[in-house]
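Please read the structure below before turning to the comments.
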Amino acid sequence: MNASQPEPAAPMRSSPDGLVAGSSLWQDAWRRLRKNKMAVASGVVIAVLGLACLLGPTLLAVAGGYDPDAQDLAYGPQPPSWQHPFGTDFYGRDLLVRVLAGGQVSLAVGILAALIAALIGTIYGAVSSYAGGLVDSLLMRVVDILYALPYMFLVIILVTILGQSLVLLFVALGAVGWLLTARVVRGQVMSLKEQDFVLAARSLGTSGRDIVFRHLIPNTLGPVIVTFTLTVPSMILQEAFLSFLGLGVQPPHPSLGSLINDGANQMLVFWWTLVFPGGVMAVLLFALNFLGDGVRDALDPRMRT
Amino acid sequence: MATTTDTVLEVCDLRTHFHTDDGLVKAVDGVSFSVRRGETLGLVGESGSGKSVACLSALRLVPTPPAAHPSGVIRFAGKDLLTLPERDLERLRGNRLAMIFQDPLTALNPYLSVGRQLTEVLEVHEGATPAAARRAAIEMLTRVGIPAAGQRIDQYPHQFSGGMRQRVMIAMALLCGPEVLFADEPTTALDVTIQAQILDLIGELQASLGTAVVLVTHDLGVVAGTADRVAVMYAGRIVEEGTTAEVFANPLHPYTQGLLASMPRIDTPSRQRLAAIPGLPPDLGQLPSGCPFHPRCQQAGDRCRQAYPEVVIASPTHRAACWETEAVS
């Protein structure tokens with residue numbers, strides 16, 4: 001929304017003629033986020049993990065011939081060593097490559113599903129709230145009904161009906177995950193739409209559609225982003241759970257969930273098959289949650305300085 | 001006085017009623033007024049007298065529910081605004097009819113740059129290209145007295161002071177050169193020096209654009225300085241209407257007399273207490289019978305408690321609704 005905005009390097013940058021350059025609320029928030037050490041550290045962890053997951057499997061395949069799916073039953077499960085830092089699994093597959101490849105799937109599912117959820121939820125909530133009255137009541141009862149149905153049950157039905165492809169997994173998780181965003185946005189718009197600037201925009205002839213999309217939704221983006229950053233880890237968990245049940249990513253392709261499932265079955269004998277995928281997942285979820293908290297604090301207008 | 005006599009906006013018997021849990025609240029109950037090209041009409045009254053609701057109703061901006069659809073007729077450009085389809089009304093709002101709000105701190109969208117909020121108006125109404133809209137917006141900002149408008153246009157509302165924001169609001173309302181401007185207490189949230197600047201600015205732009213202004217205020221000093229005609233509202237009705245000179249020199253309604261008496265004047269001895277109208281404005285949900293002002297009126301007689309007063313005509317431009325005022329005039 002502010003692509004044409006000059007990015008201020010310092011809190012109050014002076015432009016050549018001595019005027020204070022424009023700094024949006026987003027730039028303020030970014031500045032506050034950078035001051036939050038936990039959030040920055042989490043951001044770095046996520047970036048490193050993300051890059052490793054994105055590039056790791058390819059690099060390892062080219063450099064060392066590691067293949068996440070190639071089995072070597074004769075080699076079997078080996079404890080961590082220099083050659084296999086995370087050890088190997090029951091089928092003799094290198095666990096580091098499998099964890100990285102699995103992380104790729106988990107991150108992709110988490111981010112894409114959360115994006116779908118945020119998109120549906122924001123538009124649904126904003127339209128419902130702005131329309132108000134009967135339309136609002138009807139739309140929100142739909143949300144209530146979906147909320148009342150067991151969440152996982154719905155996803156399982158969707159995955160079973162739609163078939164087990166990775167894309168459908170995003171859609172199924174996103175299609176069920178937007179309820180929270182819709183409620184958050186509706187609540188925001190409920191108070192925003194009573195504010196004078198909406199009345200002022202209407203008095204200037206702005207249509208209802210433009211008010212929702214140009215005036216109201218940008219004002220809700222703070223909470224939406226916060227909900228988004230907190231939805232990503234929950235989506236990753238959902239995917240792990242589905243894979244754990246055997247409904248998510250199908251073997252031999254790994255995902256963090258299915259790796260943990262395999263590991264859990266043999267943790268007393270081959271401890272590393274559980275500890276490494278579980279550890280990576282825990283670190284990832286911690287970092288995502290800390291970043292989400294940091295973003296929420298940064299966008300809180302009461303923290304404005 | 002207005003230089004021409006062509007009426008641009010005529011409001012007849014406007015009624016806006018709210019259905020609340022406490023019953024029917026008649027916020028505006030049979031208000032009629034008209035404004036001519038280039039003229040300023042001061043709409044005066046206490047808080048809760050229905051001034052703002054009357055303006056919002058004229059643009060059909062009162063939320064329904066809780067309000068019932070306003071009844072009456074509002075004639076503008078040969079159309080009745082109250083029966084016009086919403087789409088057609090949107091084309092008029094901001095283009096030929098505009099409004100300035102009381103609190104400039106909340107009437108601008110905090111997440112959009114001032115420039116975007118200004119250019120949006122031009123893009124909606126005149127189909128201007130972004131570049132042309134930006135040029136026009138900068139020109140308008142310069143005209144309302146914002147220095148370095150070319151840079152300020154990319155800033156966000158929180159980087160403007162209250163007075164500057166009100167200038168932005170005025171720029172936004174006047175961008176398309178509206179025929180009628182409703183100014184709902186445009187200076188109430190500002191300090192006195194800024195107040196004078198803003199009023200002068202509205203006057204200047206009004207003169208150059210020929211805009212008719214409906215100036216809502218509770219400040220009689222503002223009215224005396226800027227309005228050509230005055231309409232005094234009490235409990236949702238206009239109780240007195242006339243040219244500013246007539247109303248200030250010869251107030252007919254006891255309420256108007258009370259308001260004028262309570263105004264501090266430069267020649268009032270400094271130790272003298274200001275006169276106050278006794279009592280409180282009535283609850284619009286439970287209006288007293290007859291003239292709603294009678295419980296606070298020292299001249300009230302029996303007739304005042306029984307029926308709403310008939311209109312007393314003092315001159316072709318000056319009238320009031322009071323039973324007792326015949327004796328006065």
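Each chain in the structure tokens gets a letter, A, B, ..., in the order shown, and its residues are numbered from 1; ligands are numbered from 1 in order too.
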
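For chain A, the residues close to chain B, meaning within 6 Å and counting only C-alpha atoms, are Gly22, Asp196, Phe197, Ala200, Ser203, Leu204 and Gly205 of chain A.
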
Residue set, region 3-218 of chain B restricted to helix (DSSP H, G or I), as a VMD selection string:
chain B and resid 51 to 58 86 to 92 114 to 126 130 to 143 149 to 152 157 to 159 162 to 174 192 to 209

Those same residues - C-alpha atoms - I'd like them written as a PDB file, in the first residue's frame.
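File written: again17.pdb
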```
ATOM      1  CA  LYS B  51     -28.185  20.108  14.096  1.00  0.00           C
ATOM      2  CA  SER B  52     -25.710  17.415  13.125  1.00  0.00           C
ATOM      3  CA  VAL B  53     -28.366  14.796  12.502  1.00  0.00           C
ATOM      4  CA  ALA B  54     -30.161  17.268  10.229  1.00  0.00           C
ATOM      5  CA  CYS B  55     -27.003  17.680   8.125  1.00  0.00           C
ATOM      6  CA  LEU B  56     -26.241  13.972   8.054  1.00  0.00           C
ATOM      7  CA  SER B  57     -29.851  13.281   7.070  1.00  0.00           C
ATOM      8  CA  ALA B  58     -29.596  15.731   4.206  1.00  0.00           C
ATOM      9  CA  GLU B  86     -27.949   5.105  -3.305  1.00  0.00           C
ATOM     10  CA  ARG B  87     -25.758   4.908  -6.435  1.00  0.00           C
ATOM     11  CA  ASP B  88     -26.939   8.262  -7.738  1.00  0.00           C
ATOM     12  CA  LEU B  89     -26.502   9.775  -4.317  1.00  0.00           C
ATOM     13  CA  GLU B  90     -22.901   8.517  -4.180  1.00  0.00           C
ATOM     14  CA  ARG B  91     -22.249  10.446  -7.376  1.00  0.00           C
ATOM     15  CA  LEU B  92     -23.479  13.639  -5.740  1.00  0.00           C
ATOM     16  CA  VAL B 114      -3.296  12.238   2.818  1.00  0.00           C
ATOM     17  CA  GLY B 115      -2.622  12.229  -0.900  1.00  0.00           C
ATOM     18  CA  ARG B 116      -4.365   8.944  -1.457  1.00  0.00           C
ATOM     19  CA  GLN B 117      -7.420  10.120   0.418  1.00  0.00           C
ATOM     20  CA  LEU B 118      -7.553  13.282  -1.667  1.00  0.00           C
ATOM     21  CA  THR B 119      -6.939  11.692  -5.047  1.00  0.00           C
ATOM     22  CA  GLU B 120      -9.527   9.014  -4.342  1.00  0.00           C
ATOM     23  CA  VAL B 121     -12.238  11.694  -4.459  1.00  0.00           C
ATOM     24  CA  LEU B 122     -11.119  12.925  -7.865  1.00  0.00           C
ATOM     25  CA  GLU B 123     -10.696   9.454  -9.266  1.00  0.00           C
ATOM     26  CA  VAL B 124     -14.175   8.455  -8.128  1.00  0.00           C
ATOM     27  CA  HIS B 125     -16.003  11.536  -9.339  1.00  0.00           C
ATOM     28  CA  GLU B 126     -14.076  12.907 -12.250  1.00  0.00           C
ATOM     29  CA  PRO B 130      -3.564   9.371 -10.936  1.00  0.00           C
ATOM     30  CA  ALA B 131      -1.093  12.004 -12.159  1.00  0.00           C
ATOM     31  CA  ALA B 132      -3.774  14.615 -12.821  1.00  0.00           C
ATOM     32  CA  ALA B 133      -5.474  13.846  -9.517  1.00  0.00           C
ATOM     33  CA  ARG B 134      -2.169  14.270  -7.702  1.00  0.00           C
ATOM     34  CA  ARG B 135      -1.533  17.633  -9.363  1.00  0.00           C
ATOM     35  CA  ALA B 136      -5.034  18.818  -8.476  1.00  0.00           C
ATOM     36  CA  ALA B 137      -4.642  17.566  -4.903  1.00  0.00           C
ATOM     37  CA  ILE B 138      -1.335  19.403  -4.447  1.00  0.00           C
ATOM     38  CA  GLU B 139      -2.891  22.547  -5.874  1.00  0.00           C
ATOM     39  CA  MET B 140      -5.846  22.292  -3.501  1.00  0.00           C
ATOM     40  CA  LEU B 141      -3.597  21.648  -0.494  1.00  0.00           C
ATOM     41  CA  THR B 142      -1.594  24.737  -1.401  1.00  0.00           C
ATOM     42  CA  ARG B 143      -4.817  26.675  -1.693  1.00  0.00           C
ATOM     43  CA  ALA B 149       2.143  20.560  -0.251  1.00  0.00           C
ATOM     44  CA  GLY B 150       4.207  18.576  -2.738  1.00  0.00           C
ATOM     45  CA  GLN B 151       5.994  16.832   0.137  1.00  0.00           C
ATOM     46  CA  ARG B 152       3.190  16.858   2.679  1.00  0.00           C
ATOM     47  CA  PRO B 157      -2.650  12.057   9.000  1.00  0.00           C
ATOM     48  CA  HIS B 158      -0.801  11.580  12.303  1.00  0.00           C
ATOM     49  CA  GLN B 159       1.987  13.791  10.961  1.00  0.00           C
ATOM     50  CA  GLY B 162      -5.237  19.392  14.217  1.00  0.00           C
ATOM     51  CA  GLY B 163      -5.559  22.646  12.308  1.00  0.00           C
ATOM     52  CA  MET B 164      -3.634  21.230   9.357  1.00  0.00           C
ATOM     53  CA  ARG B 165      -5.831  18.158   9.322  1.00  0.00           C
ATOM     54  CA  GLN B 166      -8.936  20.327   9.240  1.00  0.00           C
ATOM     55  CA  ARG B 167      -7.403  22.130   6.265  1.00  0.00           C
ATOM     56  CA  VAL B 168      -6.911  18.761   4.622  1.00  0.00           C
ATOM     57  CA  MET B 169     -10.547  17.911   5.318  1.00  0.00           C
ATOM     58  CA  ILE B 170     -11.615  21.196   3.758  1.00  0.00           C
ATOM     59  CA  ALA B 171      -9.405  20.558   0.752  1.00  0.00           C
ATOM     60  CA  MET B 172     -10.958  17.131   0.386  1.00  0.00           C
ATOM     61  CA  ALA B 173     -14.511  18.448   0.643  1.00  0.00           C
ATOM     62  CA  LEU B 174     -13.914  21.259  -1.838  1.00  0.00           C
ATOM     63  CA  VAL B 192      -9.298  30.037  18.800  1.00  0.00           C
ATOM     64  CA  THR B 193      -6.570  31.389  16.525  1.00  0.00           C
ATOM     65  CA  ILE B 194      -6.799  28.383  14.229  1.00  0.00           C
ATOM     66  CA  GLN B 195     -10.582  28.681  14.386  1.00  0.00           C
ATOM     67  CA  ALA B 196     -10.470  32.148  12.833  1.00  0.00           C
ATOM     68  CA  GLN B 197      -8.071  30.989  10.114  1.00  0.00           C
ATOM     69  CA  ILE B 198     -10.265  28.031   9.211  1.00  0.00           C
ATOM     70  CA  LEU B 199     -13.411  30.162   9.052  1.00  0.00           C
ATOM     71  CA  ASP B 200     -11.643  32.721   6.868  1.00  0.00           C
ATOM     72  CA  LEU B 201     -10.451  29.910   4.637  1.00  0.00           C
ATOM     73  CA  ILE B 202     -13.949  28.491   4.235  1.00  0.00           C
ATOM     74  CA  GLY B 203     -15.188  32.013   3.450  1.00  0.00           C
ATOM     75  CA  GLU B 204     -12.531  32.616   0.829  1.00  0.00           C
ATOM     76  CA  LEU B 205     -13.064  29.316  -0.944  1.00  0.00           C
ATOM     77  CA  GLN B 206     -16.809  29.795  -0.735  1.00  0.00           C
ATOM     78  CA  ALA B 207     -16.509  33.150  -2.443  1.00  0.00           C
ATOM     79  CA  SER B 208     -14.346  31.822  -5.245  1.00  0.00           C
ATOM     80  CA  LEU B 209     -16.359  28.642  -5.833  1.00  0.00           C
TER      81      LEU B 209
END
```

What's around region 162-174 of chain A at 9 Å? Count only C-alpha atoms, leave out sequence neighbours fewer than 2 positions away in its own chain, and write the answer as an MDAnalysis selection string.
chainID A and resid 105 108:118 120 154:160 176:178 235 238:239 247:250

Excluding Arg303 (chain B) and any residue of its chain fewer than 6 positions from it, enumerate the residues within 12 Å of it, using only C-alpha atoms, and give them as a PyMOL selection string.
chain B and resi 289-291+294+309-310+322-324

List the neighbours of Leu9 (chain B) out to 8 Å using only C-alpha atoms; skip same-chain residues closer than 5 positions along the sequence, and give me the result as a PyMOL selection string.
chain B and resi 34-36+74-77+180

Could you take the residues named above and write them with N, CA, C and O atoms, as a PDB file, in the first residue's frame?
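Here's the written file part.pdb:
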```pdb
ATOM      1  N   SER B  34     -33.542  26.493   3.539  1.00  0.00           N
ATOM      2  CA  SER B  34     -33.003  26.467   2.185  1.00  0.00           C
ATOM      3  C   SER B  34     -31.750  27.332   2.166  1.00  0.00           C
ATOM      4  O   SER B  34     -31.568  28.196   3.015  1.00  0.00           O
ATOM      5  N   VAL B  35     -30.863  27.045   1.230  1.00  0.00           N
ATOM      6  CA  VAL B  35     -29.680  27.892   1.068  1.00  0.00           C
ATOM      7  C   VAL B  35     -29.546  28.288  -0.390  1.00  0.00           C
ATOM      8  O   VAL B  35     -29.878  27.522  -1.295  1.00  0.00           O
ATOM      9  N   ARG B  36     -29.035  29.485  -0.581  1.00  0.00           N
ATOM     10  CA  ARG B  36     -28.827  29.989  -1.938  1.00  0.00           C
ATOM     11  C   ARG B  36     -27.358  29.914  -2.279  1.00  0.00           C
ATOM     12  O   ARG B  36     -26.500  29.809  -1.412  1.00  0.00           O
ATOM     13  N   ILE B  74     -35.974  16.733   0.193  1.00  0.00           N
ATOM     14  CA  ILE B  74     -34.766  17.549   0.098  1.00  0.00           C
ATOM     15  C   ILE B  74     -34.510  17.778  -1.384  1.00  0.00           C
ATOM     16  O   ILE B  74     -34.114  16.853  -2.105  1.00  0.00           O
ATOM     17  N   ARG B  75     -34.800  18.989  -1.846  1.00  0.00           N
ATOM     18  CA  ARG B  75     -34.658  19.274  -3.274  1.00  0.00           C
ATOM     19  C   ARG B  75     -33.266  19.791  -3.572  1.00  0.00           C
ATOM     20  O   ARG B  75     -32.802  20.754  -2.951  1.00  0.00           O
ATOM     21  N   PHE B  76     -32.596  19.110  -4.490  1.00  0.00           N
ATOM     22  CA  PHE B  76     -31.284  19.551  -4.928  1.00  0.00           C
ATOM     23  C   PHE B  76     -31.156  19.197  -6.404  1.00  0.00           C
ATOM     24  O   PHE B  76     -31.396  18.058  -6.788  1.00  0.00           O
ATOM     25  N   ALA B  77     -30.811  20.162  -7.213  1.00  0.00           N
ATOM     26  CA  ALA B  77     -30.631  19.952  -8.652  1.00  0.00           C
ATOM     27  C   ALA B  77     -31.829  19.232  -9.262  1.00  0.00           C
ATOM     28  O   ALA B  77     -31.677  18.310 -10.068  1.00  0.00           O
ATOM     29  N   VAL B 180     -23.015  22.670  -2.486  1.00  0.00           N
ATOM     30  CA  VAL B 180     -23.414  22.854  -1.094  1.00  0.00           C
ATOM     31  C   VAL B 180     -22.385  22.181  -0.197  1.00  0.00           C
ATOM     32  O   VAL B 180     -21.964  21.056  -0.457  1.00  0.00           O
TER      33      VAL B 180
END
```

Quick one: residues within 8 Å of Leu100 (chain A), only C-alpha atoms, excluding same-chain residues fewer than 5 positions away - as a PDB file with C-alpha atoms, in the first residue's frame?
```
ATOM      1  CA  ALA A  52      18.210 -24.635   4.797  1.00  0.00           C
ATOM      2  CA  CYS A  53      14.929 -26.378   4.003  1.00  0.00           C
ATOM      3  CA  LEU A  54      14.640 -24.633   0.651  1.00  0.00           C
ATOM      4  CA  GLY A  56      19.512 -27.989   1.716  1.00  0.00           C
ATOM      5  CA  PRO A  57      18.075 -31.083   0.020  1.00  0.00           C
TER       6      PRO A  57
END
```

Excluding Pro70 (chain B) and any residue of its chain fewer than 5 positions from it, enumerate the residues within 7 Å of it, using only C-alpha atoms, and give them as a PyMOL selection string.
chain B and resi 14-16+57

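Interatomic distance, CA of Ala175 (chain A) against CA of Leu245 (chain A): 19.6 Å.
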